[in-house]
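The next block holds one structure in the form of structure tokens; read it before the comments.
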Amino acid sequence: MSPNGSVPVPPLADPASPVHAPPPPPAAEQPAAHPSHHQGHAPPRKASSVVVPMSTATASAKSLPDGGAGAGAGGAAGRTSDGVGVASTVHSQSTASLHRGTTYQVDFNRPDSTLHLEYRYPTNYIRTTKYTVISFLPLNLFGQFRRLSNLYFLLGAIFSMVGDTAVSTLAQVAPLIFVLTVTAVKDGIEDYARYKADVSANLQPSYVVRNGERVEVQTKTLRPGDIVSLSKGDKVPADLILLSTSYEDGNCFIETSELDGETSLKRRNALPETMHANTLEELSKLSGRIQCELPNENLVKFEGRLLMERDDAEKVFPLTMSQLLLRGSYLRNTDAAFGVVVYAGAETKIFKNLKQSGLKFSSMERSLNKIVLAAFVYNMVMLFVSVCLETPMTMYIERSVWYMLPAAATPSYGFGHYFNSFMTYFVLFSYTIPVSLFVIIEGVRVLQRQFMVWDDQLKCPRGRPMRVNNSNLNEDLGGVHYVFSDKTGTMTRNEMVLTCLCTGPLVYRVRAIKSIAKDPALARLVRCILLCNNAMPVETKRPPPGTPAAATHGATPGTDLGRGVSLPPVDVNEHGAHIDYESQSPDEIALLLGIRKHAYLKQRKKASVVVVENGVEQEIRILDMLEFNSDRKRMSVIVRERDGSIVVYSKGADNIMFPRLRGSEVTLGDDVRLAVEEQLHLFSEDGLRTLVFTAKPMSEDEYLDFKRRYDDAARSLVDREARLERAADMAERGLDLLGCSAIEDRLQDRVPETIDFLLRCGIKVWMLTGDKQETAVNIAHSCKLIRPEMMLLHLDSVTPGAIADQLTANLALVKTNAPKKTEFALTVTGESLSVLFDNAPQGFLALANQCASVICCRVTPLQKALVVRLVKRELGVLTLSIGDGANDVSMIQEADIGVGIEGMEGAQAVRAADYAIVEFKALARLLSVHGRYSMLRLSNLVLYSFYKNISFISTQFFYGLCNAWSGGPLYNGSFLPNWNVLFTFLPPFLYAFMEKDVGEGVLVRHPQLYKSTRDSTYFWSTRNAVMWFLSCVWHTAVSFLGCLLLFWDSPSLDSSGRMPDLDSFQWFNAIVILGIVTLRIMLMSHHWTLIAVLGVVLSFLLYIATLGALSVLTSINTSVKGYMAQDDLPYGLPTQIHGMAAYWFVLILAPITAVLPDAVVSYFKVQEYPSDRDILREQAFLERKIMGKESYSVMPSNGGDQSAAPTMISVSVVPTKPHAAAAAGSAPPALAPGALTTGLLLGGGGSQQQQPPQQPPPTPQGGGGGGGGGGPPGVDSEKSGRVPPSLNGETPSAAAVAAASGRPRPGEPPASPSPAAAQGGGGARAGPGV
């Protein structure tokens, strides 16, 4: 909850989520797109998709007798246009017939009511904290000790207290306390923030109506039955049933952005029977009982009824969402509103939705668990070997030195002896698992998150940064295989512009229409647009000077129209106010703005609208409105024209509206329909969003018959939706076609380049959209998801047999063209997906997996999530979903990684997502730079952390050979607890957020590096684990044996004649093993900065400071306690050992000896078997050396300006052996003496193949980089280095240095090369947009 009292809303559980949703309905019953192609806004969800206990609307409906009421689709049902309520007179016994267990009841202004005793209403007090002051410690510790590693260290701490061990209890307990404390402090800070937000919300002032007065109370004291008074701008403090407003017609407007993410205003209506009570006295006299469903989390559906005494009888009036004001919404454009509390506190719908979706964890967690298990096994092996060797060695010593044993000694070797040894060695070897690793990982993730937020190239042009909601998945961004993307608002701008209107044979360019008065067909189409909508007109200030005037006009018969479109001119009413519109659908706003020059909606009233057409104002009475929902896919309005006639206006998608036309069969003489169908097809091919508009006259008898059926259905709570749909279907048959519209939704910036970049990263991109197939395919062509050379496959049948035939034919076609390496794209419709999910999911996946691109059209939110689930579960790969609307929440939550775009459709997708970006193009940088770096850094961090701890403890194991396996520690008791948290903390921590194997500019120019790193099994392979373990063994042997040989029978280590002792041996071993592990991470690092160097130096300074501090403490302790003092560190030892030449000799020689084999192996691999990144790193070094160029830094300290800061790339190995190559289809130039040859590395042995010299073609200007032979000005192309094998013949050096002709900003996906550039370069493919 925010400090101002707003309730925090975590990602809301989408009612359409596949986790709770039922199986997809049959093809004939599937929800379809909104008439305006529901991608433009968040569609209402089906109530049947919500799984709640018996408190659901369904349960309530079954428990209520027929004759109660709930309004229809839009809440207008059940009321006539003139405000007369449709109520049924029911006997008072109807209340008793309700089932108490499934119905919620609230009385208001009834002092004698006892319902509060029966239902035990909660107060409006809310609590979102996890802990209280009393429960914090036990609950937090319980949660932390659910982690196996913490239990392991707790057991070690207990053994150190009760066992006979030489390791102090403090040394064992201190690291565990540190880790537990850090985690507890983090959790406590987060929970305290929630507590402060709760207090702020609970103490907010609210106003209630009591005894005819407006009384101020604290929000937390509200209870069901209280009548709350709201003023303009107030936040609704509880779920209220609207009684009346300051408007005479009982309307009010609310903003629900905190609930569903929608920023557009929504209208709510008071019942005609209560809207007259708009004074305090009248409200105090108003009384009744509300009966409704039990509290549940459904934000889009509410069913109930209001019982009031009228004429000595109890009457029932329907309650729907149109009367419900939800907690968390704001009152807008309304001076005052009054409502009765129906749900309070924890029972409000927003509080019911405060449920976090299943927390996502990184795939690295699974690998980490395996490593922890392997380390534990190694620990147990050392432990049992030590326990087994201790007893024989002890018995041998007892026999050999029997004269040193006490006279009364009777050694026992029973269970107690072995268990005591077990505890001793368990404590000694407990440092095998790095206790600080989890703290470091969390800290690194937080810093990586901040680098993403600070990255200027991930910000919008206005400077708004991206958001990271779940940093646990940072490293998974570097391992994505599939991207599932919404279209509208994600790839497109979601800025709708009406471009064309079609009335049949004529197609009108909207900007060119001068007048509609002389064209009756066009005038009827405009009238339908004007009336058939839910938009609300808003008067704003006069438009600024310079508003564009009307363009030229005229009608164009034909098909192909230009794409240049601009916003329509602004119109002003007679009061000088600019008319704008608010609507949940951007399509409706686009339609109204498009016709605003000729007709506009001036005012919307309770039962009528005021419109202005051709300068003439008129008021048109609204009889009924049949709202859009995901089942109907259409919207209709029934109006009474000024001449008294009744007309039905309807709009919707073409596949829904054409079967409802008068004479649905197409005849040869039906020129209008044929022309509209043809134009719809052409509009779709142009990527435009289309709507079909219809109308029909209705007689009085037909309307009365419809009204009777519809009102009966609205009063029913049994199968209400089906009955309402059947009644509405009567009015929506036999329609006359008026025409169609075309709305343009333009692509976002650099979408084609971004998709091309992702494809070259080896990521498959699937488009999941609710638009029709032609529109989706056209957009896919525009954004290069479908390229011209691809072969397009279709799955559009709706029967199992036909689908099976299509699958078989398409699979055979793919197999036939496999030798030709033909790329395929697949389109599949939502109806076909329903059949495929039920009958052939594996066949669909087998076909889709062989296609480069997949486009799913006409899919529902549930189907989007099911597609993601199918790929994720069956293929076992990392998936990413990206979208911007509420209809994308299901697939965002289903994918391994969810990315939301802060677009025009509200914030629900952003809240549900793990990451939120502002533009689609930012996805390329997020994955290829931040994701890849995070995966590389954290993977190496985990492996290094276990390496340093296993090396550290293995020396303790070898020390048993010297101390007869007595369990004595090799290291000083003060060194053990500080190993992880002090001495070896900084270098790996800094490495984990600063390391870069190659510069980010290289990553942007060569997206194939993402694929090679993602698909590499190097990090978590058994081979790599064995190599790390062998490195541990060697380093341990060098460390221990080096010190042992130095101390073995050594008469003296310094000029004073001091003999070596155990204390010196301990600290010698400590500094040597510290030097080895530090040198090892220095060898791993390729990117050195001043901070990284200071981290290494500081580690050794902390070691020296520890020695000094212990010396001072020992001196103080000795002076206080005298001979009774515990001599942990002999006085003067630090000065003595640092003055020994042997100390510095072993400190320098041992680490170099230990790490030298690693350096040799690394050198050999880079020289003989170089990876792509090895070669590119070498080329970056050569380019800077030759050109004096600096590459780009990914994380500069200046907060994100990636283009300004130079990168210091340390090339640890610079090969001197030249490698010949042949770029794809082109021969390299002649080899200059001592230079490296540009080309493709052949084989692993570095064999050379001389080619005749060839003059490279010139690089085309503006073509985005040269081909295989092009080089930078003034630089010999043969000096540009080797080319990685996976780059398909591209020449990295030419691409890297040819930036003079227009290098893209670092991090942006490269622009596509021009055709001239694509054909040049000596046969090689053009460089990737440099």
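Chain labels A, B, ... are given in the sequence in which chains occur in the structure tokens; within each chain residues are numbered consecutively from 1, and ligands are likewise numbered from 1 in the order shown.
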
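Residue neighbourhood of segment 688-698 of chain A, excluding near-sequence residues (fewer than 5 positions): Pro35, Ser36, Leu525, Cys528, Ile646, Val647, Val648, Tyr649, Ser650, Lys651, Gly652, Ala653, Asp654, Met657, Leu680, Phe683, Tyr703, Leu735, Asp736, Leu737, Leu738, Gly739, Cys740, Ser741, Ala742, Ile743, Glu744, Asp745 and Thr775 of chain A, at 7 Å, using only C-alpha atoms.
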
Can you write just those residues out, C-alpha atoms, as a PDB file, in the first residue's frame?
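Now in result.pdb:
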ATOM      1  CA  PRO A  35     -15.491  -6.012 -32.635  1.00  0.00           C
ATOM      2  CA  SER A  36     -12.558  -3.694 -32.451  1.00  0.00           C
ATOM      3  CA  LEU A 525     -22.383   4.550 -41.570  1.00  0.00           C
ATOM      4  CA  CYS A 528     -23.774   3.916 -36.636  1.00  0.00           C
ATOM      5  CA  ILE A 646     -36.771   2.169 -33.705  1.00  0.00           C
ATOM      6  CA  VAL A 647     -33.423   1.183 -35.226  1.00  0.00           C
ATOM      7  CA  VAL A 648     -30.836  -1.390 -34.207  1.00  0.00           C
ATOM      8  CA  TYR A 649     -27.231  -0.396 -34.906  1.00  0.00           C
ATOM      9  CA  SER A 650     -24.610  -3.084 -34.569  1.00  0.00           C
ATOM     10  CA  LYS A 651     -20.874  -3.479 -35.154  1.00  0.00           C
ATOM     11  CA  GLY A 652     -18.472  -6.379 -34.896  1.00  0.00           C
ATOM     12  CA  ALA A 653     -15.893  -8.559 -36.568  1.00  0.00           C
ATOM     13  CA  ASP A 654     -16.677  -9.656 -40.118  1.00  0.00           C
ATOM     14  CA  MET A 657     -21.545 -10.008 -38.522  1.00  0.00           C
ATOM     15  CA  LEU A 680     -12.008  -6.165 -46.032  1.00  0.00           C
ATOM     16  CA  PHE A 683      -7.540  -3.882 -45.745  1.00  0.00           C
ATOM     17  CA  TYR A 703     -39.156  -4.414 -29.773  1.00  0.00           C
ATOM     18  CA  LEU A 735     -29.261  -6.891 -40.343  1.00  0.00           C
ATOM     19  CA  ASP A 736     -28.532  -4.627 -43.307  1.00  0.00           C
ATOM     20  CA  LEU A 737     -24.886  -4.033 -44.208  1.00  0.00           C
ATOM     21  CA  LEU A 738     -23.793  -0.394 -43.917  1.00  0.00           C
ATOM     22  CA  GLY A 739     -20.073  -0.755 -44.599  1.00  0.00           C
ATOM     23  CA  CYS A 740     -16.761  -1.263 -42.885  1.00  0.00           C
ATOM     24  CA  SER A 741     -13.899   0.725 -41.425  1.00  0.00           C
ATOM     25  CA  ALA A 742     -10.122   0.404 -41.513  1.00  0.00           C
ATOM     26  CA  ILE A 743      -7.975   1.477 -38.583  1.00  0.00           C
ATOM     27  CA  GLU A 744      -4.204   1.677 -38.749  1.00  0.00           C
ATOM     28  CA  ASP A 745      -2.022   0.609 -35.860  1.00  0.00           C
ATOM     29  CA  THR A 775      -3.918  -8.860 -40.771  1.00  0.00           C
TER      30      THR A 775
END

Close residues, segment 986-990 of chain A itself excluded, 10 Å, only C-alpha atoms, min 5 positions apart in chain, as a PyMOL selection string: chain A and resi 437+440-441+443-444+937-938+940-942+944-945+980-981+995+1077-1078+1081-1082+1085+1091-1099

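Using only C-alpha atoms, the nearest neighbour of Lys1011 of chain A within the list A:Asn778, A:Thr103, A:Ser928, A:Ser1111 is A:Ser928.
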
Could you give me, as a ChimeraX atom specification, the residues within 8 Å of segment 187-194 of chain A, counting only C-alpha atoms and dropping anything in the same chain fewer than 6 positions from it? /A:1,128-131

Can I get the selection written as a short mmCIF file (atom, residue, chain, number, x, y, z; two decimals), in the first residue's frame, with C-alpha atoms?
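Final output, result23.cif:
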data_model
loop_
_atom_site.label_atom_id
_atom_site.label_comp_id
_atom_site.auth_asym_id
_atom_site.auth_seq_id
_atom_site.Cartn_x
_atom_site.Cartn_y
_atom_site.Cartn_z
CA MET A 1 0.00 0.00 0.00
CA THR A 128 -0.85 -7.00 4.27
CA THR A 129 2.21 -7.66 6.42
CA LYS A 130 3.62 -11.16 6.75
CA TYR A 131 4.75 -10.73 10.33
#

Per DSSP on the backbone, what are the alpha helix (DSSP H) residues of segment 189-409 of chain A, as a short mmCIF file (atom, residue, chain, number, x, y, z; two decimals) with N, CA and C atoms, in the first residue's frame?
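Final output, out_31.cif:
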data_model
loop_
_atom_site.label_atom_id
_atom_site.label_comp_id
_atom_site.auth_asym_id
_atom_site.auth_seq_id
_atom_site.Cartn_x
_atom_site.Cartn_y
_atom_site.Cartn_z
N ILE A 189 12.70 -5.10 6.55
CA ILE A 189 12.55 -3.79 5.90
C ILE A 189 11.38 -3.82 4.92
N GLU A 190 11.29 -4.89 4.13
CA GLU A 190 10.18 -4.99 3.19
C GLU A 190 8.84 -5.05 3.92
N ASP A 191 8.78 -5.80 5.01
CA ASP A 191 7.52 -5.93 5.72
C ASP A 191 7.17 -4.65 6.47
N TYR A 192 8.17 -3.93 6.93
CA TYR A 192 7.89 -2.66 7.60
C TYR A 192 7.31 -1.64 6.63
N ALA A 193 7.79 -1.69 5.39
CA ALA A 193 7.22 -0.81 4.38
C ALA A 193 5.74 -1.14 4.16
N ARG A 194 5.41 -2.43 4.15
CA ARG A 194 4.00 -2.81 4.03
C ARG A 194 3.20 -2.35 5.25
N TYR A 195 3.83 -2.44 6.42
CA TYR A 195 3.14 -2.01 7.65
C TYR A 195 2.81 -0.52 7.60
N LYS A 196 3.77 0.29 7.17
CA LYS A 196 3.52 1.73 7.09
C LYS A 196 2.41 2.04 6.09
N ALA A 197 2.39 1.31 4.99
CA ALA A 197 1.33 1.52 4.01
C ALA A 197 -0.02 1.11 4.59
N ASP A 198 -0.05 0.02 5.36
CA ASP A 198 -1.30 -0.40 6.00
C ASP A 198 -1.80 0.66 6.97
N VAL A 199 -0.91 1.20 7.78
CA VAL A 199 -1.30 2.23 8.75
C VAL A 199 -1.85 3.45 8.03
N SER A 200 -1.16 3.85 6.95
CA SER A 200 -1.62 5.01 6.20
C SER A 200 -3.01 4.79 5.64
N ALA A 201 -3.27 3.60 5.13
CA ALA A 201 -4.58 3.32 4.55
C ALA A 201 -5.66 3.21 5.62
N ASN A 202 -5.35 2.58 6.71
CA ASN A 202 -6.36 2.38 7.75
C ASN A 202 -6.76 3.67 8.44
N SER A 257 -7.56 2.08 -12.46
CA SER A 257 -6.20 1.72 -12.88
C SER A 257 -5.49 0.85 -11.85
N GLU A 258 -5.81 1.01 -10.57
CA GLU A 258 -5.14 0.20 -9.55
C GLU A 258 -5.71 -1.21 -9.47
N LEU A 259 -6.84 -1.45 -10.10
CA LEU A 259 -7.45 -2.76 -10.05
C LEU A 259 -7.13 -3.58 -11.30
N ASP A 260 -7.43 -3.02 -12.46
CA ASP A 260 -7.26 -3.78 -13.70
C ASP A 260 -6.26 -3.15 -14.65
N LEU A 280 -28.73 14.24 2.46
CA LEU A 280 -28.45 13.46 3.67
C LEU A 280 -29.73 12.98 4.32
N GLU A 281 -30.78 13.81 4.30
CA GLU A 281 -32.04 13.40 4.91
C GLU A 281 -32.67 12.23 4.15
N GLU A 282 -32.67 12.32 2.83
CA GLU A 282 -33.26 11.24 2.04
C GLU A 282 -32.47 9.94 2.18
N LEU A 283 -31.15 10.06 2.25
CA LEU A 283 -30.33 8.87 2.42
C LEU A 283 -30.59 8.20 3.76
N SER A 284 -30.82 9.01 4.80
CA SER A 284 -31.07 8.43 6.11
C SER A 284 -32.41 7.70 6.16
N LYS A 285 -33.33 8.08 5.30
CA LYS A 285 -34.63 7.41 5.28
C LYS A 285 -34.63 6.17 4.40
N LYS A 349 -12.91 -7.08 -2.99
CA LYS A 349 -12.40 -7.81 -4.15
C LYS A 349 -10.92 -7.53 -4.38
N ILE A 350 -10.47 -6.32 -4.14
CA ILE A 350 -9.06 -6.04 -4.35
C ILE A 350 -8.21 -6.80 -3.35
N PHE A 351 -8.70 -6.93 -2.11
CA PHE A 351 -7.94 -7.67 -1.12
C PHE A 351 -7.95 -9.16 -1.44
N LYS A 352 -9.05 -9.65 -2.00
CA LYS A 352 -9.09 -11.05 -2.42
C LYS A 352 -8.10 -11.32 -3.54
N MET A 364 18.88 -21.67 -12.87
CA MET A 364 20.16 -21.90 -12.23
C MET A 364 19.99 -22.55 -10.87
N GLU A 365 18.81 -22.36 -10.25
CA GLU A 365 18.58 -22.96 -8.94
C GLU A 365 18.70 -24.48 -9.01
N ARG A 366 18.22 -25.07 -10.10
CA ARG A 366 18.31 -26.52 -10.22
C ARG A 366 19.77 -26.96 -10.33
N SER A 367 20.54 -26.26 -11.13
CA SER A 367 21.96 -26.58 -11.24
C SER A 367 22.68 -26.34 -9.92
N LEU A 368 22.30 -25.28 -9.23
CA LEU A 368 22.92 -24.99 -7.95
C LEU A 368 22.63 -26.09 -6.94
N ASN A 369 21.40 -26.60 -6.95
CA ASN A 369 21.06 -27.69 -6.03
C ASN A 369 21.90 -28.94 -6.30
N LYS A 370 22.16 -29.20 -7.58
CA LYS A 370 23.00 -30.36 -7.91
C LYS A 370 24.43 -30.17 -7.40
N ILE A 371 24.94 -28.95 -7.53
CA ILE A 371 26.29 -28.69 -7.06
C ILE A 371 26.36 -28.78 -5.54
N VAL A 372 25.33 -28.25 -4.86
CA VAL A 372 25.28 -28.37 -3.41
C VAL A 372 25.27 -29.84 -3.00
N LEU A 373 24.49 -30.64 -3.70
CA LEU A 373 24.45 -32.07 -3.39
C LEU A 373 25.80 -32.73 -3.62
N ALA A 374 26.48 -32.37 -4.73
CA ALA A 374 27.80 -32.95 -5.00
C ALA A 374 28.80 -32.53 -3.94
N ALA A 375 28.75 -31.25 -3.51
CA ALA A 375 29.66 -30.79 -2.46
C ALA A 375 29.38 -31.50 -1.15
N PHE A 376 28.10 -31.74 -0.88
CA PHE A 376 27.74 -32.45 0.35
C PHE A 376 28.27 -33.89 0.32
N VAL A 377 28.17 -34.54 -0.83
CA VAL A 377 28.70 -35.90 -0.96
C VAL A 377 30.21 -35.91 -0.74
N TYR A 378 30.90 -34.94 -1.35
CA TYR A 378 32.35 -34.84 -1.16
C TYR A 378 32.68 -34.60 0.31
N ASN A 379 31.86 -33.77 0.96
CA ASN A 379 32.05 -33.50 2.39
C ASN A 379 31.88 -34.78 3.19
N MET A 380 30.87 -35.57 2.87
CA MET A 380 30.63 -36.80 3.61
C MET A 380 31.76 -37.81 3.38
N VAL A 381 32.31 -37.84 2.17
CA VAL A 381 33.42 -38.76 1.89
C VAL A 381 34.62 -38.40 2.77
N MET A 382 34.98 -37.09 2.79
CA MET A 382 36.09 -36.67 3.64
C MET A 382 35.80 -36.97 5.11
N LEU A 383 34.55 -36.75 5.51
CA LEU A 383 34.19 -36.95 6.91
C LEU A 383 34.34 -38.42 7.31
N PHE A 384 33.79 -39.32 6.54
CA PHE A 384 33.84 -40.74 6.91
C PHE A 384 35.26 -41.30 6.79
N VAL A 385 36.02 -40.82 5.81
CA VAL A 385 37.42 -41.25 5.72
C VAL A 385 38.18 -40.81 6.97
N SER A 386 37.96 -39.59 7.40
CA SER A 386 38.65 -39.08 8.59
C SER A 386 38.24 -39.84 9.84
N VAL A 387 36.93 -40.12 9.98
CA VAL A 387 36.46 -40.86 11.14
C VAL A 387 37.05 -42.26 11.15
N CYS A 388 37.10 -42.89 10.00
CA CYS A 388 37.61 -44.26 9.92
C CYS A 388 39.12 -44.32 10.17
N LEU A 389 39.87 -43.28 9.81
CA LEU A 389 41.31 -43.29 10.02
C LEU A 389 41.71 -42.83 11.42
N GLU A 390 40.81 -42.12 12.11
CA GLU A 390 41.17 -41.59 13.42
C GLU A 390 41.39 -42.71 14.43
N THR A 391 40.52 -43.68 14.48
CA THR A 391 40.62 -44.74 15.50
C THR A 391 41.89 -45.57 15.34
N PRO A 392 42.20 -46.09 14.15
CA PRO A 392 43.47 -46.84 14.03
C PRO A 392 44.69 -46.00 14.39
N MET A 393 44.69 -44.71 13.99
CA MET A 393 45.84 -43.88 14.30
C MET A 393 45.93 -43.63 15.81
N THR A 394 44.80 -43.45 16.46
CA THR A 394 44.80 -43.26 17.91
C THR A 394 45.29 -44.51 18.63
N MET A 395 44.83 -45.66 18.19
CA MET A 395 45.26 -46.91 18.81
C MET A 395 46.76 -47.13 18.59
N TYR A 396 47.27 -46.75 17.44
CA TYR A 396 48.70 -46.90 17.16
C TYR A 396 49.52 -46.00 18.09
N ILE A 397 49.05 -44.78 18.25
CA ILE A 397 49.78 -43.86 19.14
C ILE A 397 49.74 -44.35 20.57
N GLU A 398 48.59 -44.87 20.98
CA GLU A 398 48.50 -45.37 22.34
C GLU A 398 49.46 -46.54 22.59
N ARG A 399 49.65 -47.36 21.59
CA ARG A 399 50.58 -48.47 21.75
C ARG A 399 52.04 -47.99 21.69
N SER A 400 52.29 -46.98 20.87
CA SER A 400 53.66 -46.52 20.67
C SER A 400 54.14 -45.65 21.83
#

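Shell of Met466 of chain A at 7 Å, with only C-alpha atoms counted and residues fewer than 5 places along the chain excluded, is A:Val453, A:Leu458, A:Lys459, A:Ala916, A:Ile917, A:Val918.
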
Please write the residues from the selection above to a file, keeping N, CA, C and O atoms, as a PDB file, in the first residue's frame.
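Saved as selection.pdb:
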ATOM      1  N   VAL A 453      17.903  -0.731 -14.690  1.00  0.00           N
ATOM      2  CA  VAL A 453      17.105   0.484 -14.493  1.00  0.00           C
ATOM      3  C   VAL A 453      17.885   1.716 -14.925  1.00  0.00           C
ATOM      4  O   VAL A 453      17.324   2.651 -15.498  1.00  0.00           O
ATOM      5  N   LEU A 458      17.555   1.539 -22.323  1.00  0.00           N
ATOM      6  CA  LEU A 458      16.320   0.834 -21.998  1.00  0.00           C
ATOM      7  C   LEU A 458      15.248   1.799 -21.506  1.00  0.00           C
ATOM      8  O   LEU A 458      14.178   1.366 -21.080  1.00  0.00           O
ATOM      9  N   LYS A 459      15.536   3.096 -21.567  1.00  0.00           N
ATOM     10  CA  LYS A 459      14.560   4.107 -21.149  1.00  0.00           C
ATOM     11  C   LYS A 459      13.773   4.595 -22.352  1.00  0.00           C
ATOM     12  O   LYS A 459      14.204   4.482 -23.494  1.00  0.00           O
ATOM     13  N   ALA A 916       9.476  -5.054 -17.008  1.00  0.00           N
ATOM     14  CA  ALA A 916       8.619  -4.146 -17.768  1.00  0.00           C
ATOM     15  C   ALA A 916       9.497  -3.181 -18.542  1.00  0.00           C
ATOM     16  O   ALA A 916      10.326  -2.475 -17.960  1.00  0.00           O
ATOM     17  N   ILE A 917       9.333  -3.166 -19.859  1.00  0.00           N
ATOM     18  CA  ILE A 917      10.096  -2.270 -20.721  1.00  0.00           C
ATOM     19  C   ILE A 917       9.130  -1.302 -21.373  1.00  0.00           C
ATOM     20  O   ILE A 917       7.908  -1.487 -21.322  1.00  0.00           O
ATOM     21  N   VAL A 918       9.670  -0.279 -21.990  1.00  0.00           N
ATOM     22  CA  VAL A 918       8.816   0.754 -22.555  1.00  0.00           C
ATOM     23  C   VAL A 918       8.625   0.598 -24.055  1.00  0.00           C
ATOM     24  O   VAL A 918       7.662   1.123 -24.608  1.00  0.00           O
TER      25      VAL A 918
END

DSSP strand (DSSP E) residues within segment 123-356 of chain A, listed as a PyMOL selection string: chain A and resi 205-210+213-218+227-231+239-245+251-255+265-269+288-292+304-310+313-319+324-325+330-332+336-343

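Between atom CA of Leu813 of chain A and atom CA of Cys783 of chain A there is a distance of 25.4 Å.
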
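Between Arg750 of chain A and the residues A:Glu702, A:Asp587, A:Glu919, A:Glu725, the shortest atom-to-atom distance, using only C-alpha atoms, involves A:Glu919.
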
For atom CA of Thr492 of chain A and atom CA of Val1002 of chain A, quote the distance in Å rounded to one decimal. 28.6 Å

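Taking atom CA of Leu927 of chain A and atom CA of Gly478 of chain A as the two end points, the separation is 5.8 Å.
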